[in-house]
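Text of target_15.tsv, listed as TSV, C-alpha atoms and all ligand atoms:
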chain	number	residue	atom	x	y	z
A	1	MET	CA	0.00	0.00	0.00
A	2	ARG	CA	1.28	3.41	-0.86
A	3	CYS	CA	0.72	6.12	1.73
A	4	THR	CA	-0.10	9.63	0.75
A	5	PHE	CA	0.33	12.51	3.10
A	6	ILE	CA	-2.16	15.31	3.54
A	7	LEU	CA	-0.32	18.40	4.60
A	8	THR	CA	-2.12	20.22	7.37
A	9	ARG	CA	-0.40	23.12	9.17
A	10	ASP	CA	0.60	20.84	12.07
A	11	ARG	CA	1.91	18.30	9.65
A	12	ILE	CA	4.05	20.91	7.92
A	13	SER	CA	5.79	21.97	11.12
A	14	SER	CA	6.26	18.39	12.23
A	15	ARG	CA	7.68	17.61	8.83
A	16	LEU	CA	10.13	20.48	9.15
A	17	ILE	CA	11.33	19.03	12.43
A	18	LYS	CA	11.52	15.56	10.92
A	19	ARG	CA	13.55	16.90	8.04
A	20	GLN	CA	16.04	18.47	10.46
A	21	CYS	CA	16.21	15.19	12.33
A	22	SER	CA	16.86	13.25	9.18
A	23	LYS	CA	19.59	15.66	8.19
A	24	LEU	CA	21.23	15.34	11.60
A	25	ALA	CA	21.01	11.56	11.53
A	26	ARG	CA	22.56	11.48	8.08
A	27	LEU	CA	25.39	13.86	9.00
A	28	ARG	CA	26.15	11.87	12.13
A	29	ALA	CA	26.25	8.65	10.15
A	30	GLN	CA	28.59	10.23	7.60
A	31	LEU	CA	30.88	11.56	10.30
A	32	LEU	CA	31.25	8.10	11.68
A	33	GLU	CA	32.08	6.35	8.43
A	34	PRO	CA	35.72	5.33	8.35
A	35	GLY	CA	37.13	7.91	6.00
A	36	PRO	CA	40.63	8.92	4.94
A	37	GLY	CA	42.73	10.07	7.87
A	38	ALA	CA	40.67	8.25	10.45
A	39	GLY	CA	43.25	8.00	13.20
A	40	GLY	CA	44.24	5.15	15.43
A	41	ALA	CA	46.34	2.07	15.23
A	42	GLY	CA	44.80	0.71	12.08
A	43	GLY	CA	41.27	-0.46	11.50
A	44	THR	CA	41.95	-4.16	11.29
A	45	GLY	CA	41.65	-6.44	14.25
A	46	PHE	CA	44.32	-8.46	15.94
A	47	ASP	CA	45.96	-11.32	14.15
A	48	VAL	CA	44.09	-14.15	15.86
A	49	SER	CA	42.51	-16.70	13.60
A	50	LYS	CA	38.99	-17.82	14.31
A	51	SER	CA	38.72	-21.32	15.65
A	52	GLY	CA	36.09	-23.50	17.24
A	53	ASP	CA	32.35	-23.32	16.78
A	54	ALA	CA	31.81	-19.67	17.73
A	55	ARG	CA	33.68	-16.62	18.98
A	56	ILE	CA	32.91	-14.41	21.98
A	57	ALA	CA	34.76	-11.10	22.43
A	58	LEU	CA	35.36	-9.64	25.89
A	59	VAL	CA	34.93	-5.91	25.57
A	60	GLY	CA	35.18	-3.40	28.40
A	61	PHE	CA	37.00	-0.52	30.00
A	62	PRO	CA	40.41	-1.26	31.56
A	63	SER	CA	40.62	-3.35	34.73
A	64	VAL	CA	37.02	-4.50	34.84
A	65	GLY	CA	38.20	-8.12	35.04
A	66	LYS	CA	38.20	-9.35	31.42
A	67	SER	CA	41.44	-11.31	31.79
A	68	THR	CA	40.38	-12.66	35.17
A	69	PHE	CA	37.23	-14.00	33.52
A	70	LEU	CA	39.16	-15.59	30.64
A	71	SER	CA	41.43	-17.34	33.11
A	72	LYS	CA	38.38	-18.63	34.98
A	73	VAL	CA	36.50	-20.13	32.03
A	74	THR	CA	39.36	-21.37	29.84
A	75	LYS	CA	42.73	-23.02	30.37
A	76	THR	CA	44.45	-19.93	28.99
A	77	LYS	CA	46.13	-17.63	31.47
A	78	SER	CA	45.96	-13.98	30.53
A	79	GLU	CA	47.88	-11.57	32.73
A	80	VAL	CA	45.80	-9.99	35.50
A	81	ALA	CA	46.84	-6.86	37.39
A	82	ALA	CA	45.35	-3.89	39.19
A	83	TYR	CA	46.64	-1.35	36.64
A	84	SER	CA	44.97	-0.31	33.36
A	85	PHE	CA	46.06	-1.77	30.02
A	86	THR	CA	47.54	-4.93	31.47
A	87	THR	CA	46.36	-6.74	28.34
A	88	LEU	CA	47.86	-5.24	25.19
A	89	THR	CA	46.79	-7.67	22.53
A	90	ALA	CA	44.08	-10.24	21.83
A	91	ILE	CA	44.45	-13.41	23.89
A	92	PRO	CA	42.33	-16.34	22.70
A	93	GLY	CA	41.11	-19.08	25.01
A	94	VAL	CA	38.82	-22.05	24.45
A	95	LEU	CA	35.66	-22.51	26.46
A	96	GLU	CA	34.36	-26.05	26.29
A	97	TYR	CA	30.62	-26.24	26.79
A	98	GLY	CA	27.74	-28.39	25.56
A	99	GLY	CA	30.10	-30.38	23.36
A	100	ALA	CA	31.16	-27.17	21.58
A	101	GLU	CA	34.46	-25.33	21.57
A	102	ILE	CA	33.87	-21.62	21.89
A	103	GLN	CA	36.72	-19.22	21.30
A	104	VAL	CA	36.82	-16.50	23.95
A	105	LEU	CA	38.86	-13.47	23.01
A	106	ASP	CA	40.35	-11.42	25.83
A	107	LEU	CA	40.99	-7.92	24.51
A	108	PRO	CA	42.75	-4.78	25.70
A	109	GLY	CA	40.54	-2.36	27.60
A	110	ILE	CA	38.98	0.38	25.54
A	111	ILE	CA	38.54	3.98	26.55
A	112	GLU	CA	36.18	6.75	25.56
A	113	GLY	CA	37.00	7.84	22.04
A	114	ALA	CA	38.03	4.31	21.07
A	115	SER	CA	35.88	4.46	17.96
A	116	GLU	CA	37.85	7.49	16.80
A	117	GLY	CA	41.06	5.56	17.23
A	118	LYS	CA	42.05	6.32	20.83
A	119	GLY	CA	44.18	3.62	22.40
A	120	ARG	CA	43.76	0.34	20.59
A	121	GLY	CA	40.09	1.11	20.24
A	122	ARG	CA	39.77	0.51	16.54
A	123	GLN	CA	41.56	-2.82	16.70
A	124	VAL	CA	39.52	-3.96	19.67
A	125	ILE	CA	36.30	-2.97	17.99
A	126	SER	CA	37.31	-4.72	14.75
A	127	ALA	CA	37.92	-7.88	16.73
A	128	ALA	CA	34.51	-7.50	18.36
A	129	LYS	CA	32.93	-7.13	14.91
A	130	THR	CA	34.22	-10.53	13.86
A	131	SER	CA	32.61	-12.20	16.86
A	132	ASP	CA	29.32	-14.01	17.19
A	133	MET	CA	28.72	-12.37	20.50
A	134	VAL	CA	30.07	-9.55	22.64
A	135	LEU	CA	30.44	-10.06	26.35
A	136	MET	CA	30.49	-6.52	27.64
A	137	VAL	CA	32.31	-6.69	30.95
A	138	LEU	CA	31.40	-3.85	33.32
A	139	ASP	CA	32.68	-2.96	36.77
A	140	ALA	CA	29.80	-3.07	39.25
A	141	THR	CA	31.61	-0.58	41.49
A	142	LYS	CA	31.93	2.04	38.75
A	143	ARG	CA	29.42	4.69	37.71
A	144	ALA	CA	26.36	3.69	35.72
A	145	GLU	CA	27.29	5.67	32.59
A	146	GLN	CA	30.02	3.18	31.65
A	147	ARG	CA	27.48	0.99	29.92
A	148	ALA	CA	26.06	3.73	27.70
A	149	LEU	CA	29.57	5.06	26.96
A	150	LEU	CA	30.74	1.67	25.73
A	151	GLU	CA	27.59	1.14	23.72
A	152	ALA	CA	28.11	4.49	22.05
A	153	GLU	CA	31.67	3.54	21.07
A	154	LEU	CA	30.48	0.35	19.39
A	155	GLU	CA	27.46	2.07	17.87
A	156	ALA	CA	29.75	4.67	16.34
A	157	VAL	CA	31.51	2.09	14.20
A	158	GLY	CA	28.34	0.46	12.99
A	159	ILE	CA	27.94	-2.30	15.57
A	160	ARG	CA	24.31	-2.81	16.53
A	161	LEU	CA	23.90	-4.73	19.77
A	162	ASN	CA	20.90	-6.97	20.36
A	163	GLN	CA	19.06	-5.50	17.40
A	164	ASP	CA	17.67	-7.17	14.34
A	165	PRO	CA	18.45	-5.69	10.94
A	166	PRO	CA	15.65	-3.22	10.12
A	167	ASN	CA	12.71	-4.69	8.27
A	168	ILE	CA	13.19	-2.49	5.23
A	169	TYR	CA	13.81	-3.77	1.74
A	170	LEU	CA	16.12	-1.66	-0.41
A	171	LYS	CA	17.32	-2.54	-3.86
A	172	GLN	CA	19.47	-0.36	-6.04
A	173	LYS	CA	18.47	-0.20	-9.72
A	174	LYS	CA	20.12	0.99	-12.90
A	175	ALA	CA	17.24	3.25	-13.91
A	176	GLY	CA	13.62	4.07	-13.15
A	177	GLY	CA	13.96	6.58	-10.33
A	178	MET	CA	12.92	5.94	-6.75
A	179	LYS	CA	9.97	3.85	-5.79
A	180	ILE	CA	9.13	4.16	-2.11
A	181	THR	CA	6.37	2.06	-0.57
A	182	PHE	CA	5.17	1.71	3.00
A	183	GLN	CA	3.43	-1.49	4.01
A	184	ALA	CA	1.63	0.36	6.83
A	185	PRO	CA	1.46	4.07	7.73
A	186	PRO	CA	4.92	4.84	9.15
A	187	LYS	CA	5.24	6.54	12.52
A	188	TYR	CA	8.62	8.18	12.10
A	189	LEU	CA	9.23	8.32	8.36
A	190	ASP	CA	7.62	9.77	5.28
A	191	GLU	CA	8.21	9.52	1.59
A	192	LYS	CA	9.83	12.94	1.18
A	193	MET	CA	12.23	12.24	4.01
A	194	LEU	CA	13.40	8.96	2.49
A	195	TYR	CA	13.63	10.60	-0.89
A	196	ASN	CA	15.96	13.27	0.51
A	197	ILE	CA	18.15	10.77	2.30
A	198	LEU	CA	18.43	8.54	-0.77
A	199	ARG	CA	19.34	11.56	-2.87
A	200	ASP	CA	22.07	12.49	-0.39
A	201	TYR	CA	23.49	8.99	-0.67
A	202	ARG	CA	23.29	9.25	-4.46
A	203	MET	CA	20.84	6.39	-4.70
A	204	LEU	CA	18.65	7.92	-7.36
A	205	ASN	CA	17.34	4.66	-8.79
A	206	CYS	CA	16.07	2.22	-6.25
A	207	GLU	CA	13.13	0.39	-4.80
A	208	VAL	CA	12.25	0.72	-1.12
A	209	LEU	CA	9.67	-1.23	0.84
A	210	VAL	CA	9.31	-0.24	4.50
A	211	ARG	CA	7.73	-3.22	6.22
A	212	ASP	CA	8.04	-1.96	9.79
A	213	GLU	CA	5.79	0.94	10.77
A	214	ASN	CA	8.14	1.77	13.67
A	215	ALA	CA	11.25	2.11	11.49
A	216	THR	CA	13.34	5.20	12.26
A	217	ILE	CA	15.60	7.43	10.18
A	218	ASP	CA	18.67	5.90	11.78
A	219	GLN	CA	17.45	2.44	10.85
A	220	PHE	CA	16.82	3.55	7.29
A	221	ILE	CA	20.39	4.85	7.08
A	222	ASP	CA	21.58	1.53	8.54
A	223	VAL	CA	19.89	-0.21	5.62
A	224	ILE	CA	21.61	2.08	3.11
A	225	MET	CA	24.93	1.50	4.89
A	226	LYS	CA	24.36	-2.21	5.41
A	227	ASP	CA	27.87	-3.15	4.28
A	228	HIS	CA	29.17	-1.19	7.27
A	229	ARG	CA	26.74	-2.49	9.84
A	230	THR	CA	27.13	-5.56	12.04
A	231	TYR	CA	24.32	-6.95	14.17
A	232	ILE	CA	25.72	-8.77	17.19
A	233	LYS	CA	24.29	-10.22	20.35
A	234	CYS	CA	25.57	-8.76	23.58
A	235	LEU	CA	25.45	-9.95	27.16
A	236	TYR	CA	26.25	-7.24	29.71
A	237	VAL	CA	28.13	-8.68	32.66
A	238	TYR	CA	28.75	-6.74	35.85
A	239	ASN	CA	31.84	-8.12	37.58
A	240	LYS	CA	33.09	-7.38	41.13
A	241	ILE	CA	29.68	-7.73	42.77
A	242	ASP	CA	31.59	-8.70	45.92
A	243	SER	CA	32.20	-5.00	46.44
A	244	ILE	CA	28.70	-3.53	46.16
A	245	SER	CA	25.56	-3.42	48.30
A	246	LEU	CA	22.80	-5.98	47.87
A	247	GLU	CA	20.45	-3.19	46.87
A	248	HIS	CA	22.74	-2.07	44.06
A	249	LEU	CA	23.24	-5.68	42.99
A	250	ASN	CA	19.50	-6.11	42.73
A	251	THR	CA	19.20	-3.07	40.45
A	252	LEU	CA	22.01	-4.19	38.14
A	253	ALA	CA	20.75	-7.75	37.89
A	254	HIS	CA	17.40	-6.52	36.60
A	255	GLU	CA	18.79	-4.59	33.66
A	256	PRO	CA	17.97	-6.19	30.29
A	257	ASN	CA	20.41	-8.74	28.81
A	258	THR	CA	22.43	-8.61	31.98
A	259	ALA	CA	24.24	-11.04	34.26
A	260	VAL	CA	26.23	-10.35	37.42
A	261	MET	CA	29.32	-12.11	38.75
A	262	SER	CA	32.35	-11.96	40.99
A	263	CYS	CA	35.40	-13.57	39.48
A	264	GLU	CA	37.15	-13.09	42.81
A	265	LEU	CA	34.56	-15.02	44.82
A	266	ASP	CA	33.74	-17.40	41.97
A	267	LEU	CA	30.12	-16.26	41.96
A	268	GLY	CA	27.81	-16.28	38.94
A	269	ILE	CA	30.46	-17.39	36.45
A	270	GLN	CA	28.67	-20.59	35.49
A	271	ASP	CA	25.50	-18.59	34.97
A	272	VAL	CA	27.35	-16.26	32.58
A	273	VAL	CA	28.64	-19.25	30.63
A	274	GLU	CA	25.13	-20.71	30.38
A	275	ARG	CA	23.70	-17.38	29.25
A	276	CYS	CA	26.38	-17.20	26.54
A	277	TRP	CA	25.50	-20.69	25.39
A	278	GLU	CA	21.81	-19.78	25.17
A	279	GLU	CA	22.54	-16.59	23.25
A	280	LEU	CA	24.83	-18.30	20.74
A	281	ARG	CA	22.04	-20.77	19.98
A	282	LEU	CA	24.40	-23.43	18.74
A	283	ILE	CA	22.78	-26.68	17.74
A	284	ARG	CA	24.08	-30.13	18.66
A	285	ILE	CA	23.45	-32.85	16.12
A	286	TYR	CA	24.12	-36.49	16.89
A	287	THR	CA	24.91	-38.63	13.90
A	288	LYS	CA	23.75	-42.17	13.51
A	289	ARG	CA	24.90	-45.11	11.42
A	290	LYS	CA	22.31	-47.41	9.96
A	291	GLY	CA	21.39	-50.12	12.43
A	292	ILE	CA	23.61	-48.73	15.19
A	293	GLU	CA	22.69	-46.59	18.20
A	294	PRO	CA	23.54	-42.88	17.77
A	295	ASP	CA	26.80	-41.65	19.21
A	296	PHE	CA	25.78	-39.25	21.99
A	297	SER	CA	29.33	-38.75	23.18
A	298	GLU	CA	30.28	-36.47	20.32
A	299	ALA	CA	28.04	-33.80	18.86
A	300	LEU	CA	28.36	-32.03	15.57
A	301	ILE	CA	27.92	-28.30	16.21
A	302	VAL	CA	26.03	-26.14	13.70
A	303	ARG	CA	24.50	-22.67	13.78
A	304	ASN	CA	20.94	-21.73	14.63
A	305	HIS	CA	18.55	-22.21	11.67
A	306	SER	CA	20.92	-24.72	10.05
A	307	THR	CA	19.62	-27.21	7.53
A	308	ILE	CA	20.54	-30.78	6.68
A	309	GLU	CA	22.72	-29.24	3.98
A	310	ASP	CA	24.72	-27.41	6.68
A	311	VAL	CA	24.98	-30.66	8.61
A	312	CYS	CA	26.38	-32.38	5.50
A	313	ASP	CA	28.88	-29.56	5.02
A	314	ALA	CA	29.94	-29.86	8.64
A	315	VAL	CA	30.73	-33.55	8.12
A	316	HIS	CA	32.47	-33.28	4.78
A	317	ARG	CA	32.38	-30.76	1.98
A	318	THR	CA	31.52	-33.33	-0.69
A	319	LEU	CA	28.93	-35.27	1.27
A	320	LYS	CA	25.92	-33.51	-0.20
A	321	GLU	CA	26.94	-34.46	-3.75
A	322	SER	CA	25.90	-38.05	-3.10
A	323	PHE	CA	23.02	-37.11	-0.79
A	324	LYS	CA	19.74	-38.96	-1.31
A	325	TYR	CA	17.80	-38.20	1.86
A	326	ALA	CA	18.25	-37.97	5.60
A	327	LEU	CA	16.39	-39.56	8.50
A	328	VAL	CA	15.77	-37.29	11.47
A	329	TRP	CA	14.77	-38.14	15.05
A	330	GLY	CA	14.11	-35.30	17.49
A	331	ALA	CA	12.41	-31.94	17.92
A	332	SER	CA	12.56	-30.96	14.25
A	333	ALA	CA	10.92	-34.18	13.05
A	334	ARG	CA	7.14	-34.34	12.63
A	335	HIS	CA	7.23	-38.09	13.12
A	336	VAL	CA	10.21	-40.29	13.91
A	337	PRO	CA	12.18	-40.91	11.94
A	338	GLN	CA	11.18	-38.31	9.38
A	339	ARG	CA	12.62	-38.65	5.90
A	340	VAL	CA	13.81	-35.18	4.81
A	341	GLY	CA	15.72	-33.34	2.10
A	342	LEU	CA	18.65	-30.92	2.22
A	343	SER	CA	16.50	-27.91	3.12
A	344	HIS	CA	15.07	-29.39	6.33
A	345	VAL	CA	15.85	-27.16	9.31
A	346	VAL	CA	17.34	-29.07	12.23
A	347	ALA	CA	16.83	-28.53	15.96
A	348	ASP	CA	19.12	-28.86	18.98
A	349	GLU	CA	19.89	-32.49	19.87
A	350	ASP	CA	18.38	-33.98	16.72
A	351	VAL	CA	19.71	-37.35	15.63
A	352	VAL	CA	20.49	-37.43	11.92
A	353	SER	CA	21.33	-40.23	9.54
A	354	ILE	CA	22.39	-39.26	6.03
A	355	VAL	CA	21.67	-41.66	3.22
A	356	GLY	CA	23.76	-41.30	0.09
A	357	SER	CA	23.37	-42.63	-3.44
A	358	LYS	CA	26.77	-44.31	-3.60
A	359	SER	CA	26.92	-47.70	-2.05
A	360	GLY	CA	28.38	-47.64	1.42
A	361	LEU	CA	27.41	-44.01	1.96
A	362	SER	CA	24.57	-44.70	4.30
A	363	THR	CA	25.91	-42.86	7.29
A	364	VAL	CA	27.31	-39.48	8.17
A	365	LYS	CA	30.46	-40.57	9.84
A	401	LIG	N1	36.97	-7.11	43.86
A	401	LIG	C1	37.14	-7.76	42.74
A	401	LIG	N2	38.24	-7.56	41.99
A	401	LIG	C2	38.36	-8.25	40.85
A	401	LIG	C3	37.39	-9.16	40.41
A	401	LIG	N3	37.78	-9.67	39.22
A	401	LIG	C4	38.96	-9.11	38.93
A	401	LIG	N4	39.34	-8.25	39.92
A	401	LIG	C5	40.54	-7.45	39.99
A	401	LIG	O1	40.48	-6.39	39.05
A	401	LIG	C6	41.78	-6.06	38.58
A	401	LIG	C7	41.81	-6.04	37.06
A	401	LIG	O2	41.61	-7.35	36.57
A	401	LIG	P1	42.02	-7.74	35.07
A	401	LIG	O3	41.49	-9.11	34.86
A	401	LIG	O4	43.46	-7.49	34.86
A	401	LIG	O5	41.17	-6.68	34.27
A	401	LIG	P2	41.14	-6.43	32.69
A	401	LIG	O6	39.77	-6.00	32.39
A	401	LIG	O7	41.67	-7.60	31.98
A	401	LIG	O8	42.15	-5.19	32.60
A	401	LIG	P3	42.98	-4.66	31.31
A	401	LIG	O9	43.62	-5.81	30.62
A	401	LIG	O10	43.98	-3.76	31.92
A	401	LIG	O11	42.00	-3.94	30.48
A	401	LIG	C8	42.73	-7.09	39.17
A	401	LIG	O12	43.36	-6.52	40.29
A	401	LIG	C9	41.81	-8.22	39.59
A	401	LIG	O13	42.31	-8.97	40.67
A	401	LIG	C10	36.24	-9.36	41.23
A	401	LIG	O14	35.31	-10.14	40.94
A	401	LIG	N5	36.16	-8.62	42.38
A	402	K	K	44.11	-4.68	34.51
A	403	MG	MG	43.24	-7.76	30.70
Can you dump the structure from the file as structure tokens?
Amino acid sequence: MRCTFILTRDRISSRLIKRQCSKLARLRAQLLEPGPGAGGAGGTGFDVSKSGDARIALVGFPSVGKSTFLSKVTKTKSEVAAYSFTTLTAIPGVLEYGGAEIQVLDLPGIIEGASEGKGRGRQVISAAKTSDMVLMVLDATKRAEQRALLEAELEAVGIRLNQDPPNIYLKQKKAGGMKITFQAPPKYLDEKMLYNILRDYRMLNCEVLVRDENATIDQFIDVIMKDHRTYIKCLYVYNKIDSISLEHLNTLAHEPNTAVMSCELDLGIQDVVERCWEELRLIRIYTKRKGIEPDFSEALIVRNHSTIEDVCDAVHRTLKESFKYALVWGASARHVPQRVGLSHVVADEDVVSIVGSKSGLSTVK
């Protein structure tokens, strides 16, 4: 449905304000794009290769306890000390949980202005961008603004924490001008506004479909800049709860997406690990040979929303070439066993048996 706008006097003034807002949002977004002369110690991350089934980055101000946490949950020892910037590079550790190996990346502390290149900010943030999840470590004894300050640093380089990509379709075309459609009357956008923004970004030929009535200007710009945006899950973790009042602890623990812990007293750490596991939504698949009980001692780990095709790829890159069908037992199966094709979406703890066309290829392993 295409929405038309009747311009009453109120509407005109509100549109003027909206136009100013859209201009501001656009200028801010442009300011934050990495341009020539953007300072700092390089924009690339640290030279640590990804390994395991997923990566979690520990991001936080100096001395909040990132290295202490790494040393608690992995076998890796990262130097811990009471002074700032004890950690100067990325230290990877391996967290073993639920049959998966999760790479945990201890990173140098970042400071305000990190996104503009202060300290190792850019490098730290680049490393965070390559992660499946950010564990934002906060000091429970420090002032409340630390959380918003850190969020702003990540936001400034295009990281969007705990957000879904905006539900706006945008396709650039070779010709034909702009075609802007709203699926429902938008609350914060209008056609003229989007037209102006698109013109500023030199997207003169394109098709836009706004599916979300609550979409904002910033979200629209995020869609235009999608190559520079990363949507990552974040768990906020307040460490050092041994040093605060119960009342304060209660307040912190009720913030959204938040966990609390004391590495010193060994409190809450297991809970943090479990919360990470839930957020990563990794799926354990048990493979089964024909006529033999499934092997529950070793799981194959795949991502959320994975299909049988992904399972095949996780076993061997050529397995799907000889694929005929798969048998599935578990939550994703309508009846057991269900005979499925490559596009079947698997669920955690499914048992899967792959049947191939070549003789002898009746199992996954
Ligand atoms: N009271 C208290 N102190 C803690 C806790 N966890 C860590 N510390 C102390 O906090 C200080 C900093 O710990 P680190 O692990 O080095 O902190 P970091 O975040 O890695 O610091 P940088 O690498 O410098 O950014 C050390 O003196 C730790 O002993 C905790 O749960 N409670
Ligand atoms: K430290
Ligand atoms: Mg450290």
Item to complete: For ligand K 402 (chain A), list the contacting residues at 12 Å or closer, counting all atoms listed in the file, as a PyMOL selection string.
Response: chain A and resi 60-69+78-88+106-110+139
Worksheet item: Closest to ligand MG 403 (chain A) among A:Ile91, A:Ala144, A:Met203, A:Leu252, using all atoms listed in the file?
Response: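 Closest to ligand MG 403 (chain A), using all atoms listed in the file: A:Ile91.
Taking CA of Asn205 in chain A as the reference point, CA of Ile180 in chain A is found at 10.6 Å.
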Worksheet item: Could you name the residues that touch Asp271 in chain A at 10 Å or less, counting only C-alpha atoms, but leaving out those on the same chain fewer than 5 positions away, as a ChimeraX atom specification?
Response: /A:259-261,276-277
So that I can see what lies close to Glu264 in chain A, please list as an mmCIF file with C-alpha atoms, in the frame of the given file the residues with an atom at most 9 Å from it, counting only C-alpha atoms and leaving out residues fewer than 6 positions away in the same chain.
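Just written: part_37.cif:
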data_model
loop_
_atom_site.group_PDB
_atom_site.id
_atom_site.type_symbol
_atom_site.label_atom_id
_atom_site.label_comp_id
_atom_site.auth_asym_id
_atom_site.auth_seq_id
_atom_site.Cartn_x
_atom_site.Cartn_y
_atom_site.Cartn_z
ATOM 1 C CA THR A 68 40.380 -12.660 35.170
ATOM 2 C CA ASN A 239 31.840 -8.120 37.580
ATOM 3 C CA LYS A 240 33.090 -7.380 41.130
ATOM 4 C CA ASP A 242 31.590 -8.700 45.920
#
Fill in: Nearby residues (only C-alpha atoms) at most 8 Å from range 125-138 of chain A, same-chain spacing under 6 positions excluded, as a PyMOL selection string
chain A and resi 43-46+54-61+64-66+115+146-147+154+157+159+230+232-239+279-280
Practice prompt. Give me the residues within 10 Å of Leu198 in chain A as a PyMOL selection string, counting all atoms listed in the file and dropping any in the same chain fewer than 4 places off.
Written response: chain A and resi 178+192-194+202-206+208+220-221+224
Discussion item. Please report the interatomic distance between CA of Asp348 in chain A and CA of Val272 in chain A in Å with one decimal.
Written reply: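 Calculated distance between CA of Asp348 in chain A and CA of Val272 in chain A is 20.3 Å.
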Item to complete: Name all residues at most 12 Å from Glu155 in chain A (count all atoms listed in the file; drop same-chain ones fewer than 4 positions away) and give them as a PyMOL selection string.
Response: chain A and resi 28-29+32-33+113-116+125+128-129+148-151+159-163+218+222+228-232
Worksheet entry | Given all atoms listed in the file as the counted atoms, nearest of A:Asn257, A:Asn250, A:Cys312, A:Asp227 to Glu278 in chain A | A:Asn257
Fill in: Residue with smallest distance to Thr307 in chain A - pool A:Ile292, A:Ala215, A:Val352, A:Val336, counting all atoms listed in the file
A:Val352
Discussion item. As an exercise, work out the distance from CA of Gly356 in chain A to CA of Leu319 in chain A in Å and give it to one decimal place.
Written reply: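 Separating CA of Gly356 in chain A from CA of Leu319 in chain A is a distance of 8.0 Å.
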